[in-house]
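Worksheet for the structure shown next.
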There are 2 protein chains.
Amino acid sequence: MKKFRILNRWYLSVLLVGLLYPMNQLYGQDQSLHWTKKLPGIWAASAGKPEAVNFTTASGVNPKQEAINRMVEVEFPLPENEIKATVFDGKLYLQFPLEVGEQIFGLGLNFKTVEQRGRILRLHMDHYGGQDNGRNHAPVPFYVSSKGYGVFINSARYIDIWVGTAVLKDGRVPMNSKDRNTDKTWTAQPYSDNISVLIPAEGVDILVFGGPTALDAVSRFNLFNGGGCLPPRWGLGFWHRTPTLYSDSMVIREVSEFKKHQFPLSVIGLEPGWQSKSYPCTYEWDKGRFPAPAKFVAALKDQGVQTNLWMNPYISPESELITKLKPFTASHTVWSGYIPDYGLPEVNLLVGDHLRKHELNIGVSGFKMDENDGFDNWLWPDVTRFPSGIPAEKMRQLYGLMMQKMTTRLFHDQNRRTYGLVRASNAGGVSFPYVIYNDYYSHRDFITALINSSFIGVLWTPEVRGSATAEEWLRRMQTVCFSPLAMLNAWSDGTKPWSFPEVEKQVAWVANLRMQLIPYLYTCFAEYAFYGRPPMRAMNLVAGFTAKADIVEGKLGSTANPYGQATRKEMKDQFMVGDNLLVAPLFAGESERKVVLPKGKWYDFYTGKLAGEAEVITVAPGLDKIPVFVKDGGIIPMFEPGSASLKKGSQNNLIIRVYGTKEATYQLYDDDGESFDYEKGAFSWREIRVTTGKNGKLEGSVAKAERSKPDNFGSIKFNFRSE
Amino acid sequence: MKKFRILNRWYLSVLLVGLLYPMNQLYGQDQSLHWTKKLPGIWAASAGKPEAVNFTTASGVNPKQEAINRMVEVEFPLPENEIKATVFDGKLYLQFPLEVGEQIFGLGLNFKTVEQRGRILRLHMDHYGGQDNGRNHAPVPFYVSSKGYGVFINSARYIDIWVGTAVLKDGRVPMNSKDRNTDKTWTAQPYSDNISVLIPAEGVDILVFGGPTALDAVSRFNLFNGGGCLPPRWGLGFWHRTPTLYSDSMVIREVSEFKKHQFPLSVIGLEPGWQSKSYPCTYEWDKGRFPAPAKFVAALKDQGVQTNLWMNPYISPESELITKLKPFTASHTVWSGYIPDYGLPEVNLLVGDHLRKHELNIGVSGFKMDENDGFDNWLWPDVTRFPSGIPAEKMRQLYGLMMQKMTTRLFHDQNRRTYGLVRASNAGGVSFPYVIYNDYYSHRDFITALINSSFIGVLWTPEVRGSATAEEWLRRMQTVCFSPLAMLNAWSDGTKPWSFPEVEKQVAWVANLRMQLIPYLYTCFAEYAFYGRPPMRAMNLVAGFTAKADIVEGKLGSTANPYGQATRKEMKDQFMVGDNLLVAPLFAGESERKVVLPKGKWYDFYTGKLAGEAEVITVAPGLDKIPVFVKDGGIIPMFEPGSASLKKGSQNNLIIRVYGTKEATYQLYDDDGESFDYEKGAFSWREIRVTTGKNGKLEGSVAKAERSKPDNFGSIKFNFRSE
């Protein structure tokens with residue numbers, strides 16, 4: 001060591017900085033984490049002093065223990081000694097190991113990327129601002145690995161996460177310094193063997209979910225959070241939101257137009273103009289535009305159309321609610337509206353009563369809960385004080401979740417299911433019957449979001465609003481009809497499904513296909529609710545899907561790419577609906593596309609013809625349809641064209657399509673489609689069985705609904721498509 | 001209050017969340033701040049328990065007390081009772097009042113916006129990623145108000161700041177709720193009467209700087225931080241950085257090309273290839289490309305050319321430095337290089353000795369210190385542990401500052417000035433002789449950054465690298481020659497100043513104009529050092545400049561603008577050089593532009609003709625020049641064309657241009673241009689006086705240099721331009 005020479009003032013000041021931190025604080029000690037098995041394949045550990053308010057306590061949802069108990073037993077999936085936790089500087093530092101080649105998915109509703117390894121995120125509730133930086137409508141701190149496990153950081157703080165970018169001096173892989181001057185193998189991003197997490201709190205509860213597959217880990221996460229939601233059957237029909245200042249008669253006229261144009265319609269959504277004041281809101285009907293709301297809602301219901309109402313969290317001083325509510329609101333306002341503190345029981349009761357009186361009791365079917373996400377420019381700042389004492393940061397992460405919880409409970413209390421829309425969700429919200437939407441509008445990125453939603457226990461709709469061309473209109477409609485919520489949102493643009501006459505027929509055709517697919521879709525959602533398997537899902541959750549992202553070498557440039565960084569080209573534009581359907585959307589301007597078919601044979605959904613097997617195919621299906629494929633042995637139960645009624649108790653004829661040439665079975669879910677009686681057993685899984693008959697041909701049979709259980713189906717026919 | 005009915009499990013869980021926060025923690029108490037006068041017009045207050053390591057302790061710089069003492073006395077500029085501080089949730093919340101119409105500037109090196117009111121920032125050291133969100137190369141927590149005061153939050157944490165967006169329930173302006181359905185005056189951003197700040201620490205020191213003008217407040221801030229840097233005179237000449245793998249002979253050849261093309265050259269910058277290894281670095285010369293570095297540096301110096309060397313903070317295991325240094329490095333690595341902990345005196349001594357031995361002692365004039373800013377993808381994560389115990393977050397905010405401090409001191413110890421480049425600076429760095437640069441390359445945004453640098457005590461160069469067209473090349477060169485550091489950085493592109501032959505003459509002309517302007521520029525920097533006034537500065541710091549930003553009404557659209565937001569069109573493309581020159585750059589593709597002339601008469605710099613007075617003019621100067629104006633009575637001392645030598649002790653002839661028709665004075669700074677002897681008094685301010693002579697015409701005189709003080713000037717001539 002060089003001797004210390006002149007101790008002038010400068011050295012002294014440097015020295016002082018060093019001495020200000022007493023030696024015993026220099027390094028927080030790594031804590032060993034004690035992993036406790038909570039349920040089969042689910043382990044928990046506490047690091048530091050975990051906070052009381054987290055996603056689980058805020059959502060108040062209990063795990064679906066029985067369903068988890070039925071899953072296969074697995075070993076703890078990670079080397080325990082390589083998970084590290086340290087409390088330092090009032091914050092918790094976590095480190096998880098990564099293996100070579102391991103892929104990481106999840107960590108929020110990203111719109112541009114699927115694989116998260118190599119990325120850095122700050123998980124922060126916000127509207128999506130065009131960058132996958134952790135700010136989005138569902139910044140869920142859960143990731144799932146291609147190695148078949150998941151990790152959930154149960155903290156409603158803004159969490160920083162370095163997904164395979166941090167490189168330790170003493171990591172498992174020895175340091176490999178290179179000379180950028182002369183070594184062509186130099187890279188701007190040296191290999192990292194870990195995921196690092198910074199939680200700005202002195203402790204956290206961590207949960208690890210076993211597999212063996214990535215889909216199993218996701219399913220366990222979903223079941224731990226109460227299982228997926230089961231929407232009412234009508235929720236899977238076609239939705240239309242009318243322009244914001246429409247009156248009751250204008251809405252009724254619009255509904256009749258759907259019949260004229262032979263378009264299906266299940267739900268009408270009303271935008272802010274239904275309220276007497278909005279931005280901030282009264283949650284009360286406008287007497288001018290809707291003089292008789294109960295009659296109006298009943299009239300729609302008579303035509304088989306449910307009513308969904310827009311709202312946002314901010315309460316107008318002119319709402320009859322405000323006198324009692326005001327003491328329970330935050331220190332700040334949004335759009336000059338009071339911010340209810342849903343961390344307080346009083347708020348949940350007061351707002352709940354108000355909504356029950358004005359909306360639920362006249363038959364409103366659900367809500368679209370807007371602007372509980374951000375963005376910063378008008379949301380409350382993080383210095384806002386809430387009377388519950390919950391810090392604004394956590395309120396931001398939890399607000400959408402708490403609104404979902406409150407409204408979910410209101411409907412549950414009336415024993416009818418709701419299905420609605422929300423701009424903000426998070427871990428803990430898996431079982432709440434809400435689908436995320438936003439103001440962003442890239443069709444391609446909407447599909448990537450749909451893919452990513454399946455990793456993190458949320459639902460996402462690529463809603464259609466307007467389009468520059470008929471082609472774009474049709475392509476968007478073709479995708480939204482394979483999503484959790486098929487909706488045209490015309491609140492501002494006033495577009496109708498038939499606004500582009502040159503593609504009206506094709507749009508009507510796919511909207512009607514959506515209606516026919518309801519038995520299959522409804523079963524997908526039952527699998528979500530009962531088994532935790534997401535209804536729409538990423539290819540990366542399919543066994544036998546192995547497409548790796550292409551790495552494209554970077555070209556050095558002083559400005560465009562000063563580090564010669566490579567980029568990753570991912571497969572992020574095809575997805576699964578349930579186990580059997582593979583959907584490959586086309587985007588405006590494209591006449592053909594590549595489709596990656598996983599292991600096994602895959603058949604064209606429309607023609608039944610063999611499309612390929614574990615290969616990349618190129619398809620050019622024309623304008624009328626987007627490519628959809630069914631896996632070998634895939635059974636798709638569908639309603640007969642044009643006939644379906646989604647009202648409780650109605651029976652609809654079933655056509656069961658069978659693809660491929662092998663024997664297969666399928667569990668068709670059935671219940672009354674509207675109530676929570678299924679929670680008390682009023683449901684059935686009816687086995688569809690396809691076997692080889694005596695003539696060597698496939699033949700099918702369907703188990704009857706159990707005695708005294710609902711039976712939604714009339715005649716049942718089989719349709720063998722690949723014979 | 002509605003009665004509490006069924007206390008089922010759900011209500012209970014909500015209730016619990018509420019109860020988890022004991023009532024006495026619900027609201028942290030607002031603290032009253034005690035403002036202590038530190039120096040005339042400078043007040044300090046502590047909120048909570050301030051941290052020991054802040055910008056002031058880390059930079060180790062003392063205020064220029066005498067200079068501050070000479071400034072005018074002012075009253076505390078804010079209503080004390082409207083400044084609020086609260087510690088809550090382990091964080092400090094601050095609130096400062098805003099008046100109607102008050103404009104706020106500063107808060108980091110923004111590239112797209114000048115006015116910050118209405119914006120939300122998280123001040124976070126980073127490369128600039130294309131958005132003014134607080135992440136940039138100098139996230140200085142200092143703002144200055146159009147009302148003539150400044151506020152400095154002396155915390156090296158990531159500070160969140162809501163600049164006039166947060167709306168309080170019980171603010172000074174009553175809540176004014178509007179119905180968006182029907183009220184055309186509804187706005188997405190209601191009026192906010194405050195600046196809110198969240199500091200993730202339990203305390204902070206705050207400083208308030210009085211005016212009376214905004215420029216006075218900035219000057220006080222700069223003087224508090226040690227005053228601006230005074231570069232060596234050669235630093236204000238023309239700089240050129242050669243391609244990274246150039247050898248000594250290639251550099252020497254390039255230098256001779258400058259002579260051939262009649263381009264001035266003061267500094268050659270060498271890029272990573274001068275080192276034996278780089279990324280990570282050895283800080284040792286490469287024996288192949290530079291077998292005799294001392295000779296090489298001396299050969300350049302003989303031709304009047306200084307040598308500047310690129311480096312970044314990350315140390316190669318192959319550096320001779322590493323054995324001793326390794327124990328004082330961080331837990332993580334960057335590009336497989338060790339990260340020295342400059343919070344430790346050992347590191348400052350070891351690295352300092354190494355640089356002295358290999359670079360300073362052979363005559364190297366300074367450094368370009370790269371990649372101490374970010375970006376996240378390769379910088380250390382915030383979970384990195386430094387042996388000094390300083391948290392990574394603070395190291396991130398301070399790292400560039402600490403490297404500047406260390407190298408500044410090395411040169412000071414040798415009594416010679418340095419001038420260099422750095423990618424990261426912050427509050428506290430005002431006196432360090434470094435200019436910020438980056439990899440971004442929008443010419444227009446570069447000018448906005450130059451404007452913003454003047455609010456926050458940093459310097460910025462819009463360096464030139466390459467261009468798509470000759471026009472762009474010329475336009476960039478024309479601007480960089482009016483900036484703190486006139487540089488072509490050809491590290492990757494290999495461009496030469498004469499690479500576009502069609503504009504070679506014009507580029508040479510403006511580069512030579514830069515050289516002529518050195519007496520004026522050097523005086524501007526002396527004013528920065530002695531009086532804290534930034535050399536290049538925003539129009540908003542000019543008395544009599546009143547241009548307001550235009551507010552452009554937003555057009556509602558479901559996707560493009562769902563809230564019908566208005567946008568602000570700011571004047572962000574003209575700036576002042578010192579008190580007398582107004583520079584209005586042109587950008588590629590533009591043949592004319594608007595220029596806002598402040599109060600008083602303004603004259604064309606080139607022709608001396610009257611250009612206008614307190615008005616917006618449109619100018620179309622052609623390709624050869626960019627518009628530059630001089631204020632009435634403006635005195636511009638310049639070197640004679642083509643003759644200047646910047647070597648210490650050389651004398652150059654002076655031409656003093658005088659603009660306008662009125663009597664005026666000017667203080668011309670002079671010293672030896674290289675050493676720190678000026679700190680001991682070896683400087684003079686020579687008064688230039690323009691008076692009306694007996695013939696009614698203006699005539700000029702210059703005070704002699706004081707006896708025994710350096711005199712840089714030979715013959716002195718006056719040039720009255722506006723007669």
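Every chain in the structure tokens takes a letter, A first, then B, and so on in the order presented; its residues are numbered from 1, and the ligands are numbered from 1 following the presented order.
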Given only C-alpha atoms, how would the per-residue table for range 333-389 of chain B near range 41-61 of chain B read, listing every residue at most 12 Å away with its closest atom pair and distance in Å to one decimal, sorted by chain and number, as JSON lines?
{"residue": "B:Tyr342", "atom": "CA", "partner": "B:Ala58", "partner_atom": "CA", "distance": 9.8}
{"residue": "B:Gly343", "atom": "CA", "partner": "B:Ala58", "partner_atom": "CA", "distance": 8.1}
{"residue": "B:Leu344", "atom": "CA", "partner": "B:Ala58", "partner_atom": "CA", "distance": 11.1}
{"residue": "B:Pro345", "atom": "CA", "partner": "B:Ala58", "partner_atom": "CA", "distance": 11.9}
{"residue": "B:Ser388", "atom": "CA", "partner": "B:Val53", "partner_atom": "CA", "distance": 11.2}
{"residue": "B:Gly389", "atom": "CA", "partner": "B:Val53", "partner_atom": "CA", "distance": 10.7}
Include all heavy atoms and write out the residues we just selected as a PDB file, in the first residue's frame.
ATOM      1  N   TYR B 342     -14.317   5.361  -5.268  1.00  0.00           N
ATOM      2  CA  TYR B 342     -13.735   6.683  -5.036  1.00  0.00           C
ATOM      3  C   TYR B 342     -14.223   7.327  -3.742  1.00  0.00           C
ATOM      4  O   TYR B 342     -13.816   8.437  -3.418  1.00  0.00           O
ATOM      5  CB  TYR B 342     -13.987   7.609  -6.234  1.00  0.00           C
ATOM      6  CG  TYR B 342     -13.091   7.300  -7.413  1.00  0.00           C
ATOM      7  CD1 TYR B 342     -13.564   6.581  -8.500  1.00  0.00           C
ATOM      8  CD2 TYR B 342     -11.761   7.710  -7.408  1.00  0.00           C
ATOM      9  CE1 TYR B 342     -12.739   6.289  -9.583  1.00  0.00           C
ATOM     10  CE2 TYR B 342     -10.931   7.415  -8.481  1.00  0.00           C
ATOM     11  CZ  TYR B 342     -11.420   6.709  -9.562  1.00  0.00           C
ATOM     12  OH  TYR B 342     -10.600   6.414 -10.616  1.00  0.00           O
ATOM     13  N   GLY B 343     -15.066   6.631  -3.004  1.00  0.00           N
ATOM     14  CA  GLY B 343     -15.408   7.075  -1.666  1.00  0.00           C
ATOM     15  C   GLY B 343     -14.290   6.797  -0.670  1.00  0.00           C
ATOM     16  O   GLY B 343     -14.368   7.212   0.483  1.00  0.00           O
ATOM     17  N   LEU B 344     -13.261   6.079  -1.116  1.00  0.00           N
ATOM     18  CA  LEU B 344     -12.136   5.725  -0.238  1.00  0.00           C
ATOM     19  C   LEU B 344     -10.895   6.531  -0.610  1.00  0.00           C
ATOM     20  O   LEU B 344     -10.543   6.626  -1.789  1.00  0.00           O
ATOM     21  CB  LEU B 344     -11.805   4.233  -0.392  1.00  0.00           C
ATOM     22  CG  LEU B 344     -12.895   3.254   0.040  1.00  0.00           C
ATOM     23  CD1 LEU B 344     -12.504   1.839  -0.373  1.00  0.00           C
ATOM     24  CD2 LEU B 344     -13.109   3.327   1.548  1.00  0.00           C
ATOM     25  N   PRO B 345     -10.183   7.069   0.381  1.00  0.00           N
ATOM     26  CA  PRO B 345      -8.955   7.833   0.064  1.00  0.00           C
ATOM     27  C   PRO B 345      -7.916   6.969  -0.630  1.00  0.00           C
ATOM     28  O   PRO B 345      -7.185   7.456  -1.500  1.00  0.00           O
ATOM     29  CB  PRO B 345      -8.476   8.316   1.436  1.00  0.00           C
ATOM     30  CG  PRO B 345      -9.267   7.580   2.456  1.00  0.00           C
ATOM     31  CD  PRO B 345     -10.502   7.058   1.806  1.00  0.00           C
ATOM     32  N   SER B 388     -16.590   1.469   0.803  1.00  0.00           N
ATOM     33  CA  SER B 388     -16.743   2.678   1.622  1.00  0.00           C
ATOM     34  C   SER B 388     -18.077   2.669   2.355  1.00  0.00           C
ATOM     35  O   SER B 388     -18.286   3.465   3.266  1.00  0.00           O
ATOM     36  CB  SER B 388     -16.673   3.934   0.745  1.00  0.00           C
ATOM     37  OG  SER B 388     -17.776   3.977  -0.138  1.00  0.00           O
ATOM     38  N   GLY B 389     -18.985   1.803   1.955  1.00  0.00           N
ATOM     39  CA  GLY B 389     -20.300   1.763   2.569  1.00  0.00           C
ATOM     40  C   GLY B 389     -21.280   2.736   1.943  1.00  0.00           C
ATOM     41  O   GLY B 389     -22.448   2.781   2.323  1.00  0.00           O
TER      42      GLY B 389
END
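From CA of Phe676 in chain B back to CA of Asp413 in chain B, the distance works out to 9.6 Å.
Of the residues listed (A:Ser316, A:Gln651, A:Ser675, A:Thr242), A:Thr242 shows the shortest atom-to-atom separation from Trp491 in chain A; distances use only C-alpha atoms.
Interatomic distance, CA of Met477 in chain B against CA of Gly237 in chain B: 13.4 Å.
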